[in-house]
>>> print(open('run07.pdb').read())   # PDB, C-alpha atoms, pLDDT in the B column
ATOM      1  CA  MET A   1     171.071 -87.597  58.314  1.00 43.00           C
ATOM      2  CA  ARG A   2     171.369 -86.364  54.736  1.00 49.00           C
ATOM      3  CA  ASN A   3     168.952 -87.183  51.954  1.00 53.00           C
ATOM      4  CA  ILE A   4     170.231 -90.215  50.015  1.00 61.00           C
ATOM      5  CA  THR A   5     169.489 -88.411  46.745  1.00 80.00           C
ATOM      6  CA  THR A   6     171.914 -85.608  47.575  1.00 91.00           C
ATOM      7  CA  GLY A   7     174.628 -85.222  44.956  1.00 97.00           C
ATOM      8  CA  THR A   8     178.346 -84.724  45.475  1.00 98.00           C
ATOM      9  CA  VAL A   9     180.321 -81.563  44.802  1.00 98.00           C
ATOM     10  CA  TYR A  10     183.871 -81.820  43.461  1.00 98.00           C
ATOM     11  CA  ILE A  11     186.001 -78.727  44.022  1.00 98.00           C
ATOM     12  CA  VAL A  12     188.506 -79.136  41.221  1.00 98.00           C
ATOM     13  CA  GLY A  13     191.749 -77.367  40.354  1.00 98.00           C
ATOM     14  CA  ALA A  14     192.167 -76.907  36.592  1.00 97.00           C
ATOM     15  CA  GLY A  15     195.820 -75.877  36.747  1.00 97.00           C
ATOM     16  CA  PRO A  16     197.542 -72.648  35.659  1.00 96.00           C
ATOM     17  CA  GLY A  17     196.266 -72.331  32.078  1.00 95.00           C
ATOM     18  CA  ASP A  18     197.623 -75.069  29.837  1.00 97.00           C
ATOM     19  CA  PRO A  19     194.734 -77.572  29.555  1.00 97.00           C
ATOM     20  CA  GLU A  20     197.186 -80.478  29.383  1.00 97.00           C
ATOM     21  CA  LEU A  21     198.329 -79.750  32.930  1.00 97.00           C
ATOM     22  CA  ILE A  22     195.042 -80.880  34.462  1.00 97.00           C
ATOM     23  CA  SER A  23     195.185 -84.103  36.469  1.00 97.00           C
ATOM     24  CA  VAL A  24     193.636 -87.387  35.309  1.00 98.00           C
ATOM     25  CA  LYS A  25     191.323 -87.328  38.323  1.00 98.00           C
ATOM     26  CA  ALA A  26     190.153 -83.800  37.577  1.00 98.00           C
ATOM     27  CA  MET A  27     189.452 -84.729  33.953  1.00 98.00           C
ATOM     28  CA  ARG A  28     187.339 -87.687  35.058  1.00 98.00           C
ATOM     29  CA  ARG A  29     185.293 -85.457  37.316  1.00 98.00           C
ATOM     30  CA  ILE A  30     184.628 -83.073  34.408  1.00 98.00           C
ATOM     31  CA  GLN A  31     183.489 -85.961  32.225  1.00 98.00           C
ATOM     32  CA  GLN A  32     181.128 -87.260  34.934  1.00 98.00           C
ATOM     33  CA  ALA A  33     179.585 -83.903  35.893  1.00 98.00           C
ATOM     34  CA  ASP A  34     175.920 -82.984  35.550  1.00 98.00           C
ATOM     35  CA  VAL A  35     176.758 -79.351  36.295  1.00 98.00           C
ATOM     36  CA  ILE A  36     180.042 -77.420  36.041  1.00 98.00           C
ATOM     37  CA  LEU A  37     180.443 -74.023  37.678  1.00 98.00           C
ATOM     38  CA  TYR A  38     183.627 -72.621  36.176  1.00 98.00           C
ATOM     39  CA  ASP A  39     185.900 -69.654  36.733  1.00 96.00           C
ATOM     40  CA  ARG A  40     187.341 -67.046  34.362  1.00 92.00           C
ATOM     41  CA  LEU A  41     190.912 -68.310  34.287  1.00 91.00           C
ATOM     42  CA  ILE A  42     190.316 -71.940  33.369  1.00 95.00           C
ATOM     43  CA  SER A  43     191.088 -73.093  29.832  1.00 95.00           C
ATOM     44  CA  LYS A  44     187.786 -73.266  27.954  1.00 94.00           C
ATOM     45  CA  GLU A  45     189.185 -76.302  26.123  1.00 96.00           C
ATOM     46  CA  LEU A  46     188.497 -78.296  29.274  1.00 97.00           C
ATOM     47  CA  LEU A  47     184.772 -77.674  28.983  1.00 97.00           C
ATOM     48  CA  ALA A  48     184.762 -79.599  25.704  1.00 97.00           C
ATOM     49  CA  TYR A  49     185.301 -82.774  27.744  1.00 97.00           C
ATOM     50  CA  ALA A  50     181.997 -82.309  29.564  1.00 98.00           C
ATOM     51  CA  GLY A  51     178.995 -84.359  28.495  1.00 96.00           C
ATOM     52  CA  SER A  52     176.616 -82.954  25.892  1.00 96.00           C
ATOM     53  CA  ASP A  53     173.914 -82.603  28.563  1.00 97.00           C
ATOM     54  CA  THR A  54     176.165 -81.032  31.181  1.00 98.00           C
ATOM     55  CA  GLU A  55     174.971 -77.646  32.397  1.00 98.00           C
ATOM     56  CA  LEU A  56     177.746 -75.041  32.255  1.00 98.00           C
ATOM     57  CA  VAL A  57     177.531 -72.089  34.645  1.00 97.00           C
ATOM     58  CA  TYR A  58     180.008 -69.212  34.379  1.00 96.00           C
ATOM     59  CA  CYS A  59     180.864 -67.593  37.704  1.00 94.00           C
ATOM     60  CA  GLY A  60     184.175 -65.912  36.968  1.00 83.00           C
ATOM     61  CA  LYS A  61     185.729 -63.021  38.829  1.00 73.00           C
ATOM     62  CA  ALA A  62     187.738 -60.280  37.155  1.00 68.00           C
ATOM     63  CA  PRO A  63     189.361 -57.362  39.023  1.00 64.00           C
ATOM     64  CA  GLY A  64     186.474 -55.110  40.039  1.00 62.00           C
ATOM     65  CA  SER A  65     183.872 -57.271  38.296  1.00 61.00           C
ATOM     66  CA  HIS A  66     182.303 -60.477  39.614  1.00 62.00           C
ATOM     67  CA  ALA A  67     179.896 -62.384  37.371  1.00 75.00           C
ATOM     68  CA  MET A  68     178.519 -64.110  40.459  1.00 89.00           C
ATOM     69  CA  PRO A  69     179.210 -63.047  44.076  1.00 93.00           C
ATOM     70  CA  GLN A  70     180.681 -65.725  46.316  1.00 94.00           C
ATOM     71  CA  HIS A  71     177.555 -66.187  48.423  1.00 95.00           C
ATOM     72  CA  ILE A  72     175.532 -66.836  45.260  1.00 96.00           C
ATOM     73  CA  ILE A  73     178.095 -69.414  44.120  1.00 97.00           C
ATOM     74  CA  ASN A  74     177.805 -71.123  47.505  1.00 97.00           C
ATOM     75  CA  GLU A  75     174.009 -71.179  47.216  1.00 97.00           C
ATOM     76  CA  ALA A  76     174.199 -72.612  43.704  1.00 98.00           C
ATOM     77  CA  LEU A  77     176.499 -75.440  44.799  1.00 98.00           C
ATOM     78  CA  VAL A  78     174.084 -76.356  47.582  1.00 98.00           C
ATOM     79  CA  LYS A  79     171.042 -76.103  45.299  1.00 98.00           C
ATOM     80  CA  TYR A  80     172.453 -78.352  42.580  1.00 98.00           C
ATOM     81  CA  ALA A  81     173.728 -80.927  45.076  1.00 98.00           C
ATOM     82  CA  GLN A  82     170.381 -81.036  46.888  1.00 97.00           C
ATOM     83  CA  ALA A  83     168.761 -81.736  43.515  1.00 97.00           C
ATOM     84  CA  GLY A  84     170.891 -84.872  43.275  1.00 97.00           C
ATOM     85  CA  LYS A  85     173.360 -83.528  40.716  1.00 98.00           C
ATOM     86  CA  THR A  86     177.028 -84.406  40.383  1.00 98.00           C
ATOM     87  CA  VAL A  87     178.593 -80.961  40.566  1.00 98.00           C
ATOM     88  CA  VAL A  88     182.068 -79.798  39.573  1.00 98.00           C
ATOM     89  CA  ARG A  89     183.313 -76.449  40.821  1.00 98.00           C
ATOM     90  CA  LEU A  90     186.133 -75.834  38.352  1.00 98.00           C
ATOM     91  CA  LYS A  91     188.784 -73.360  39.449  1.00 97.00           C
ATOM     92  CA  GLY A  92     191.993 -72.079  37.918  1.00 96.00           C
ATOM     93  CA  GLY A  93     195.194 -73.290  39.563  1.00 97.00           C
ATOM     94  CA  ASP A  94     194.634 -75.047  42.870  1.00 98.00           C
ATOM     95  CA  PRO A  95     191.281 -74.541  44.628  1.00 97.00           C
ATOM     96  CA  LEU A  96     192.888 -73.946  48.022  1.00 98.00           C
ATOM     97  CA  VAL A  97     195.502 -71.394  46.933  1.00 97.00           C
ATOM     98  CA  PHE A  98     193.650 -68.050  46.835  1.00 94.00           C
ATOM     99  CA  GLY A  99     190.748 -69.923  45.245  1.00 92.00           C
ATOM    100  CA  ARG A 100     188.096 -69.763  47.991  1.00 95.00           C
ATOM    101  CA  GLY A 101     187.768 -73.524  47.773  1.00 97.00           C
ATOM    102  CA  ALA A 102     187.885 -73.830  51.540  1.00 97.00           C
ATOM    103  CA  GLU A 103     185.001 -71.353  51.899  1.00 97.00           C
ATOM    104  CA  GLU A 104     182.901 -73.422  49.519  1.00 98.00           C
ATOM    105  CA  ALA A 105     183.825 -76.672  51.283  1.00 98.00           C
ATOM    106  CA  LEU A 106     182.800 -75.188  54.640  1.00 98.00           C
ATOM    107  CA  GLU A 107     179.453 -74.130  53.190  1.00 98.00           C
ATOM    108  CA  LEU A 108     178.841 -77.609  51.785  1.00 98.00           C
ATOM    109  CA  ALA A 109     179.859 -79.247  55.060  1.00 98.00           C
ATOM    110  CA  SER A 110     177.438 -77.048  56.988  1.00 98.00           C
ATOM    111  CA  TRP A 111     174.603 -78.456  54.840  1.00 97.00           C
ATOM    112  CA  GLY A 112     175.819 -82.037  55.166  1.00 97.00           C
ATOM    113  CA  ILE A 113     176.628 -82.223  51.461  1.00 97.00           C
ATOM    114  CA  PRO A 114     179.444 -84.600  50.483  1.00 98.00           C
ATOM    115  CA  TYR A 115     182.352 -83.020  48.651  1.00 98.00           C
ATOM    116  CA  GLU A 116     185.844 -83.820  47.435  1.00 98.00           C
ATOM    117  CA  ILE A 117     188.723 -81.454  46.784  1.00 98.00           C
ATOM    118  CA  VAL A 118     190.802 -82.313  43.718  1.00 98.00           C
ATOM    119  CA  PRO A 119     194.143 -80.441  43.787  1.00 98.00           C
ATOM    120  CA  GLY A 120     195.547 -78.590  40.803  1.00 98.00           C
ATOM    121  CA  ILE A 121     198.909 -77.106  39.851  1.00 98.00           C
ATOM    122  CA  THR A 122     199.036 -73.579  41.228  1.00 97.00           C
ATOM    123  CA  SER A 123     200.535 -70.697  39.235  1.00 96.00           C
ATOM    124  CA  ALA A 124     203.464 -70.223  41.615  1.00 97.00           C
ATOM    125  CA  ILE A 125     204.678 -73.655  40.530  1.00 97.00           C
ATOM    126  CA  GLY A 126     203.323 -73.989  36.988  1.00 98.00           C
ATOM    127  CA  ALA A 127     203.837 -70.507  35.562  1.00 98.00           C
ATOM    128  CA  ALA A 128     207.243 -70.111  37.175  1.00 98.00           C
ATOM    129  CA  ALA A 129     208.405 -73.463  35.801  1.00 98.00           C
ATOM    130  CA  ALA A 130     207.088 -72.607  32.331  1.00 98.00           C
ATOM    131  CA  ALA A 131     209.178 -69.429  32.456  1.00 98.00           C
ATOM    132  CA  GLY A 132     212.295 -71.362  33.461  1.00 97.00           C
ATOM    133  CA  ILE A 133     212.233 -70.176  37.079  1.00 98.00           C
ATOM    134  CA  PRO A 134     212.402 -72.625  40.002  1.00 98.00           C
ATOM    135  CA  VAL A 135     210.840 -71.386  43.226  1.00 98.00           C
ATOM    136  CA  THR A 136     213.632 -73.153  45.147  1.00 98.00           C
ATOM    137  CA  HIS A 137     217.223 -73.869  44.153  1.00 97.00           C
ATOM    138  CA  ARG A 138     220.229 -75.131  46.110  1.00 96.00           C
ATOM    139  CA  GLU A 139     222.273 -72.047  45.241  1.00 95.00           C
ATOM    140  CA  TYR A 140     219.585 -69.400  45.597  1.00 96.00           C
ATOM    141  CA  ALA A 141     216.537 -70.305  47.667  1.00 97.00           C
ATOM    142  CA  ALA A 142     215.526 -72.745  50.399  1.00 97.00           C
ATOM    143  CA  SER A 143     212.056 -71.278  50.939  1.00 98.00           C
ATOM    144  CA  PHE A 144     209.210 -69.615  49.077  1.00 98.00           C
ATOM    145  CA  ALA A 145     205.933 -67.974  49.971  1.00 98.00           C
ATOM    146  CA  CYS A 146     202.706 -67.534  48.047  1.00 97.00           C
ATOM    147  CA  VAL A 147     201.350 -64.061  48.715  1.00 97.00           C
ATOM    148  CA  THR A 148     198.231 -62.231  47.579  1.00 94.00           C
ATOM    149  CA  GLY A 149     198.759 -58.717  46.284  1.00 91.00           C
ATOM    150  CA  SER A 150     195.120 -57.798  46.831  1.00 79.00           C
ATOM    151  CA  ARG A 151     195.579 -56.935  50.518  1.00 65.00           C
ATOM    152  CA  CYS A 152     197.888 -53.992  50.078  1.00 55.00           C
ATOM    153  CA  HIS A 153     195.451 -51.325  51.267  1.00 55.00           C
ATOM    154  CA  GLY A 154     193.359 -51.345  54.403  1.00 54.00           C
ATOM    155  CA  ASP A 155     192.670 -55.055  54.745  1.00 55.00           C
ATOM    156  CA  LYS A 156     191.829 -56.556  58.135  1.00 61.00           C
ATOM    157  CA  SER A 157     194.882 -58.817  57.826  1.00 68.00           C
ATOM    158  CA  PRO A 158     197.543 -56.700  56.113  1.00 83.00           C
ATOM    159  CA  ILE A 159     200.519 -58.355  54.494  1.00 93.00           C
ATOM    160  CA  ARG A 160     203.618 -58.360  56.690  1.00 94.00           C
ATOM    161  CA  TRP A 161     206.062 -57.096  54.072  1.00 96.00           C
ATOM    162  CA  ASP A 162     208.525 -56.340  56.846  1.00 95.00           C
ATOM    163  CA  LEU A 163     208.784 -60.076  57.538  1.00 96.00           C
ATOM    164  CA  LEU A 164     208.522 -61.280  53.945  1.00 97.00           C
ATOM    165  CA  ALA A 165     211.320 -58.964  52.811  1.00 96.00           C
ATOM    166  CA  HIS A 166     213.922 -60.991  54.718  1.00 95.00           C
ATOM    167  CA  SER A 167     212.471 -64.266  56.046  1.00 95.00           C
ATOM    168  CA  VAL A 168     211.583 -65.881  52.697  1.00 97.00           C
ATOM    169  CA  ASP A 169     213.923 -66.403  49.752  1.00 98.00           C
ATOM    170  CA  THR A 170     211.344 -66.389  46.936  1.00 98.00           C
ATOM    171  CA  LEU A 171     208.063 -64.476  46.814  1.00 98.00           C
ATOM    172  CA  ALA A 172     205.345 -65.598  44.410  1.00 98.00           C
ATOM    173  CA  ILE A 173     202.724 -62.855  44.354  1.00 98.00           C
ATOM    174  CA  TYR A 174     199.275 -63.460  42.936  1.00 97.00           C
ATOM    175  CA  MET A 175     196.815 -60.721  41.931  1.00 93.00           C
ATOM    176  CA  GLY A 176     199.510 -58.096  42.330  1.00 94.00           C
ATOM    177  CA  VAL A 177     199.762 -56.354  38.952  1.00 93.00           C
ATOM    178  CA  SER A 178     197.695 -53.334  39.945  1.00 92.00           C
ATOM    179  CA  GLU A 179     199.552 -53.147  43.260  1.00 94.00           C
ATOM    180  CA  LEU A 180     203.064 -53.501  41.844  1.00 95.00           C
ATOM    181  CA  PRO A 181     204.168 -49.947  42.801  1.00 95.00           C
ATOM    182  CA  ALA A 182     202.946 -50.460  46.389  1.00 95.00           C
ATOM    183  CA  ILE A 183     204.565 -53.901  46.643  1.00 96.00           C
ATOM    184  CA  ARG A 184     207.861 -52.533  45.354  1.00 96.00           C
ATOM    185  CA  GLU A 185     207.703 -49.598  47.775  1.00 96.00           C
ATOM    186  CA  GLU A 186     206.963 -51.820  50.769  1.00 96.00           C
ATOM    187  CA  LEU A 187     209.790 -54.250  50.042  1.00 97.00           C
ATOM    188  CA  LEU A 188     212.318 -51.459  49.471  1.00 97.00           C
ATOM    189  CA  LYS A 189     211.138 -49.664  52.605  1.00 97.00           C
ATOM    190  CA  HIS A 190     211.787 -52.794  54.640  1.00 97.00           C
ATOM    191  CA  GLY A 191     215.295 -53.273  53.330  1.00 97.00           C
ATOM    192  CA  LYS A 192     214.942 -55.486  50.267  1.00 97.00           C
ATOM    193  CA  SER A 193     217.733 -54.674  47.822  1.00 97.00           C
ATOM    194  CA  ALA A 194     216.743 -52.651  44.763  1.00 98.00           C
ATOM    195  CA  ALA A 195     218.899 -55.073  42.739  1.00 98.00           C
ATOM    196  CA  THR A 196     216.724 -58.068  43.679  1.00 98.00           C
ATOM    197  CA  PRO A 197     215.657 -59.860  40.470  1.00 98.00           C
ATOM    198  CA  VAL A 198     211.949 -59.805  39.585  1.00 98.00           C
ATOM    199  CA  ALA A 199     210.005 -61.663  36.899  1.00 98.00           C
ATOM    200  CA  LEU A 200     206.500 -60.880  35.705  1.00 98.00           C
ATOM    201  CA  ILE A 201     204.839 -63.861  34.035  1.00 98.00           C
ATOM    202  CA  GLU A 202     201.750 -62.984  32.019  1.00 98.00           C
ATOM    203  CA  ARG A 203     199.312 -65.785  31.082  1.00 97.00           C
ATOM    204  CA  GLY A 204     201.743 -68.420  32.313  1.00 97.00           C
ATOM    205  CA  THR A 205     201.809 -71.885  30.677  1.00 98.00           C
ATOM    206  CA  THR A 206     199.571 -70.771  27.796  1.00 96.00           C
ATOM    207  CA  ASN A 207     200.534 -70.083  24.179  1.00 95.00           C
ATOM    208  CA  ARG A 208     200.255 -66.376  25.033  1.00 95.00           C
ATOM    209  CA  GLN A 209     202.784 -66.497  27.864  1.00 97.00           C
ATOM    210  CA  ARG A 210     205.081 -63.510  28.172  1.00 97.00           C
ATOM    211  CA  THR A 211     207.868 -63.038  30.721  1.00 98.00           C
ATOM    212  CA  ILE A 212     209.352 -59.683  31.701  1.00 98.00           C
ATOM    213  CA  VAL A 213     212.504 -59.689  33.832  1.00 98.00           C
ATOM    214  CA  GLY A 214     213.986 -56.776  35.761  1.00 98.00           C
ATOM    215  CA  THR A 215     214.816 -55.757  39.314  1.00 98.00           C
ATOM    216  CA  LEU A 216     212.911 -54.090  42.114  1.00 98.00           C
ATOM    217  CA  SER A 217     214.394 -50.782  40.981  1.00 97.00           C
ATOM    218  CA  ASP A 218     212.898 -50.848  37.489  1.00 96.00           C
ATOM    219  CA  ILE A 219     210.193 -53.528  37.331  1.00 96.00           C
ATOM    220  CA  HIS A 220     207.250 -51.128  37.549  1.00 95.00           C
ATOM    221  CA  THR A 221     208.611 -49.027  34.679  1.00 96.00           C
ATOM    222  CA  LEU A 222     209.102 -52.181  32.610  1.00 96.00           C
ATOM    223  CA  ALA A 223     205.576 -53.360  33.379  1.00 96.00           C
ATOM    224  CA  VAL A 224     204.102 -50.064  32.211  1.00 96.00           C
ATOM    225  CA  THR A 225     206.298 -49.908  29.116  1.00 96.00           C
ATOM    226  CA  MET A 226     205.465 -53.501  28.143  1.00 95.00           C
ATOM    227  CA  LYS A 227     201.777 -52.998  28.982  1.00 96.00           C
ATOM    228  CA  LEU A 228     201.614 -55.945  31.346  1.00 95.00           C
ATOM    229  CA  ALA A 229     198.062 -57.241  31.829  1.00 93.00           C
ATOM    230  CA  ASN A 230     196.230 -59.697  34.081  1.00 92.00           C
ATOM    231  CA  PRO A 231     196.467 -62.540  34.761  1.00 94.00           C
ATOM    232  CA  ALA A 232     200.102 -62.288  35.756  1.00 97.00           C
ATOM    233  CA  LEU A 233     202.312 -63.733  38.462  1.00 98.00           C
ATOM    234  CA  ILE A 234     205.126 -61.819  40.158  1.00 98.00           C
ATOM    235  CA  ILE A 235     208.240 -63.752  41.190  1.00 98.00           C
ATOM    236  CA  ILE A 236     210.754 -61.911  43.398  1.00 98.00           C
ATOM    237  CA  GLY A 237     214.064 -63.438  44.382  1.00 98.00           C
ATOM    238  CA  GLU A 238     217.462 -64.673  43.286  1.00 98.00           C
ATOM    239  CA  VAL A 239     215.900 -67.732  41.614  1.00 98.00           C
ATOM    240  CA  VAL A 240     214.948 -65.470  38.703  1.00 98.00           C
ATOM    241  CA  ARG A 241     218.631 -65.567  37.710  1.00 97.00           C
ATOM    242  CA  VAL A 242     218.230 -69.254  36.790  1.00 97.00           C
ATOM    243  CA  ARG A 243     216.082 -68.243  33.823  1.00 97.00           C
ATOM    244  CA  GLU A 244     218.966 -66.289  32.276  1.00 94.00           C
ATOM    245  CA  ARG A 245     221.356 -69.166  32.901  1.00 94.00           C
ATOM    246  CA  LEU A 246     218.984 -71.593  31.183  1.00 94.00           C
ATOM    247  CA  MET A 247     218.542 -69.297  28.214  1.00 92.00           C
ATOM    248  CA  GLN A 248     222.301 -68.896  27.856  1.00 91.00           C
ATOM    249  CA  ALA A 249     222.798 -72.670  28.018  1.00 90.00           C
ATOM    250  CA  GLU A 250     220.133 -73.205  25.371  1.00 87.00           C
ATOM    251  CA  GLN A 251     221.714 -70.625  23.075  1.00 85.00           C
ATOM    252  CA  GLN A 252     225.121 -72.250  23.459  1.00 84.00           C
ATOM    253  CA  ALA A 253     223.628 -75.664  22.678  1.00 82.00           C
ATOM    254  CA  VAL A 254     221.965 -74.296  19.534  1.00 79.00           C
ATOM    255  CA  SER A 255     225.190 -72.637  18.374  1.00 75.00           C
ATOM    256  CA  LEU A 256     227.110 -75.895  18.836  1.00 79.00           C
ATOM    257  CA  ILE A 257     224.531 -77.834  16.816  1.00 79.00           C
ATOM    258  CA  SER A 258     224.487 -75.282  14.024  1.00 69.00           C
TER     259      SER A 258
END
>>> encode(input="run07.pdb", output="structure tokens")
Amino acid sequence: MRNITTGTVYIVGAGPGDPELISVKAMRRIQQADVILYDRLISKELLAYAGSDTELVYCGKAPGSHAMPQHIINEALVKYAQAGKTVVRLKGGDPLVFGRGAEEALELASWGIPYEIVPGITSAIGAAAAAGIPVTHREYAASFACVTGSRCHGDKSPIRWDLLAHSVDTLAIYMGVSELPAIREELLKHGKSAATPVALIERGTTNRQRTIVGTLSDIHTLAVTMKLANPALIIIGEVVRVRERLMQAEQQAVSLIS
């Protein structure tokens, strides 16, 4: 039986970058929090909605640099909850899409600490939409997969590029910028056409968003030339063509008005 003074932990998705894309429920949890443990990719504007007495704890992870290792984050969540605090674990995107939210929930459950998972808009949906790219489309794609690019070398569960190259219409690849040459090589090796459209969406949904469009044959060269930086999402598939169609339609509409 748990201590009645134990607090609750809310594992909250902050969305893909634009602070206005956070859910009403997530915003309420931020406003009610005694402690917020927040990640690198959340909009700092969201922290302004916390109470003046709310303790803010940064635990962000950048490629090759973690402000706080995962086991320390888990320990902190347990510690604050056991002290009777209302805790928000604020994560970019959705907490269960490459966000380690499930790991944190399992840790809390093992201690008998109550928790709630509050979903958020993940980058595969939000950033792609902001760039004018649907992940599915009646003409181009009936399926999509969210893939991590961080397992390209020597992981215990390697990515099955041989299956992804042909069984899924749209690939949304997270954390793949540094692995773009390897991803390209794997897909081409397993028969993906070099003419397949690719979009790189940097800082999606924010006022610093930048979208680079090419094909599997030239996307790495474009990324280097344009100095693509993290965070960025990679979209591979025929749906990328919709962006060009939308842009053309918008230009035609503007020319008719003018």
>>> closest_residue(input="run07.pdb", among="A:Asp169, A:Glu55, A:Glu103, A:Glu45", to="A:Ile236", atoms="only C-alpha atoms")
A:Asp169
>>> closest_residue(input="run07.pdb", among="A:Ile22, A:Ile219, A:Val35, A:Cys59", to="A:Gly84", atoms="all atoms listed in the file")
A:Val35
>>> closest_residue(input="run07.pdb", among="A:His166, A:Arg245, A:Arg210, A:Arg40", to="A:Met68", atoms="only C-alpha atoms")
A:Arg40
>>> closest_residue(input="run07.pdb", among="A:Arg29, A:His71, A:His220, A:Arg89", to="A:Glu185", atoms="all atoms listed in the file")
A:His220
>>> atom_distance(input="run07.pdb", atom1="atom CA of A:Gln209", atom2="atom CA of A:Ile257")
26.9 Å
>>> closest_residue(input="run07.pdb", among="A:Ile183, A:Ala14, A:Leu171, A:Ala105", to="A:Thr122", atoms="all atoms listed in the file")
A:Ala14
>>> closest_residue(input="run07.pdb", among="A:Leu216, A:Ala145, A:Ala172, A:Leu77", to="A:Lys189", atoms="all atoms listed in the file")
A:Leu216
>>> residues_around(input="run07.pdb", residues="A:Trp111", least_positions_apart="2", cutoff="12 Å", atoms="all atoms listed in the file", output="PyMOL selection string")
chain A and resi 1-3+6-9+74-75+77-79+81-82+104-109+113-115
>>> resolve_selection(input="run07.pdb", expression="the PyMOL selection byres ((chain A and resi 58) around 10)", output="list in words")
Ile36, Leu37, Tyr38, Asp39, Arg40, Leu56, Val57, Cys59, Gly60, Lys61, Ala67, Met68, Ile73 and Leu90 of chain A
>>> write_last_selection(input="run07.pdb", atoms="C-alpha atoms", output="compact mmCIF listing (two decimals), in the frame of the given file")
# COMPACT_ATOMS: atom_id res chain seq x y z
CA ILE A 36 180.04 -77.42 36.04
CA LEU A 37 180.44 -74.02 37.68
CA TYR A 38 183.63 -72.62 36.18
CA ASP A 39 185.90 -69.65 36.73
CA ARG A 40 187.34 -67.05 34.36
CA LEU A 56 177.75 -75.04 32.26
CA VAL A 57 177.53 -72.09 34.65
CA CYS A 59 180.86 -67.59 37.70
CA GLY A 60 184.18 -65.91 36.97
CA LYS A 61 185.73 -63.02 38.83
CA ALA A 67 179.90 -62.38 37.37
CA MET A 68 178.52 -64.11 40.46
CA ILE A 73 178.10 -69.41 44.12
CA LEU A 90 186.13 -75.83 38.35
>>> atom_distance(input="run07.pdb", atom1="atom CA of A:Ile173", atom2="atom CA of A:Ile234")
4.9 Å
>>> atom_distance(input="run07.pdb", atom1="atom CA of A:Lys91", atom2="atom CA of A:Ala130")
19.7 Å
>>> resolve_selection(input="run07.pdb", expression="the PyMOL selection byres ((chain A and resi 149) around 12)", output="ChimeraX atom specification")
/A:63,98,146-148,150-153,155,158-161,171-184,186,232-235
>>> write_last_selection(input="run07.pdb", atoms="C-alpha atoms", output="short mmCIF file (atom, residue, chain, number, x, y, z; two decimals), in the coordinates of the input")
data_model
loop_
_atom_site.label_atom_id
_atom_site.label_comp_id
_atom_site.auth_asym_id
_atom_site.auth_seq_id
_atom_site.Cartn_x
_atom_site.Cartn_y
_atom_site.Cartn_z
CA PRO A 63 189.36 -57.36 39.02
CA PHE A 98 193.65 -68.05 46.84
CA CYS A 146 202.71 -67.53 48.05
CA VAL A 147 201.35 -64.06 48.72
CA THR A 148 198.23 -62.23 47.58
CA SER A 150 195.12 -57.80 46.83
CA ARG A 151 195.58 -56.94 50.52
CA CYS A 152 197.89 -53.99 50.08
CA HIS A 153 195.45 -51.32 51.27
CA ASP A 155 192.67 -55.06 54.74
CA PRO A 158 197.54 -56.70 56.11
CA ILE A 159 200.52 -58.36 54.49
CA ARG A 160 203.62 -58.36 56.69
CA TRP A 161 206.06 -57.10 54.07
CA LEU A 171 208.06 -64.48 46.81
CA ALA A 172 205.34 -65.60 44.41
CA ILE A 173 202.72 -62.86 44.35
CA TYR A 174 199.28 -63.46 42.94
CA MET A 175 196.82 -60.72 41.93
CA GLY A 176 199.51 -58.10 42.33
CA VAL A 177 199.76 -56.35 38.95
CA SER A 178 197.70 -53.33 39.94
CA GLU A 179 199.55 -53.15 43.26
CA LEU A 180 203.06 -53.50 41.84
CA PRO A 181 204.17 -49.95 42.80
CA ALA A 182 202.95 -50.46 46.39
CA ILE A 183 204.56 -53.90 46.64
CA ARG A 184 207.86 -52.53 45.35
CA GLU A 186 206.96 -51.82 50.77
CA ALA A 232 200.10 -62.29 35.76
CA LEU A 233 202.31 -63.73 38.46
CA ILE A 234 205.13 -61.82 40.16
CA ILE A 235 208.24 -63.75 41.19
#
>>> axis_aligned_box(input="run07.pdb", around="stretch 25-30 of chain A", padding_each_side="8 Å", output="lines of an AutoDock Vina configuration file")
center_x = 188.0
center_y = -85.4
center_z = 36.1
size_x = 22.7
size_y = 20.6
size_z = 20.4
>>> closest_atom_pairs(input="run07.pdb", of="stretch 205-242 of chain A", to="stretch 132-144 of chain A", cutoff="6 Å", atoms="all atoms listed in the file", output="JSON lines")
{"residue": "A:Glu238", "atom": "CA", "partner": "A:Tyr140", "partner_atom": "CA", "distance": 5.7}
{"residue": "A:Val239", "atom": "CA", "partner": "A:Tyr140", "partner_atom": "CA", "distance": 5.7}
{"residue": "A:Val240", "atom": "CA", "partner": "A:Ile133", "partner_atom": "CA", "distance": 5.7}
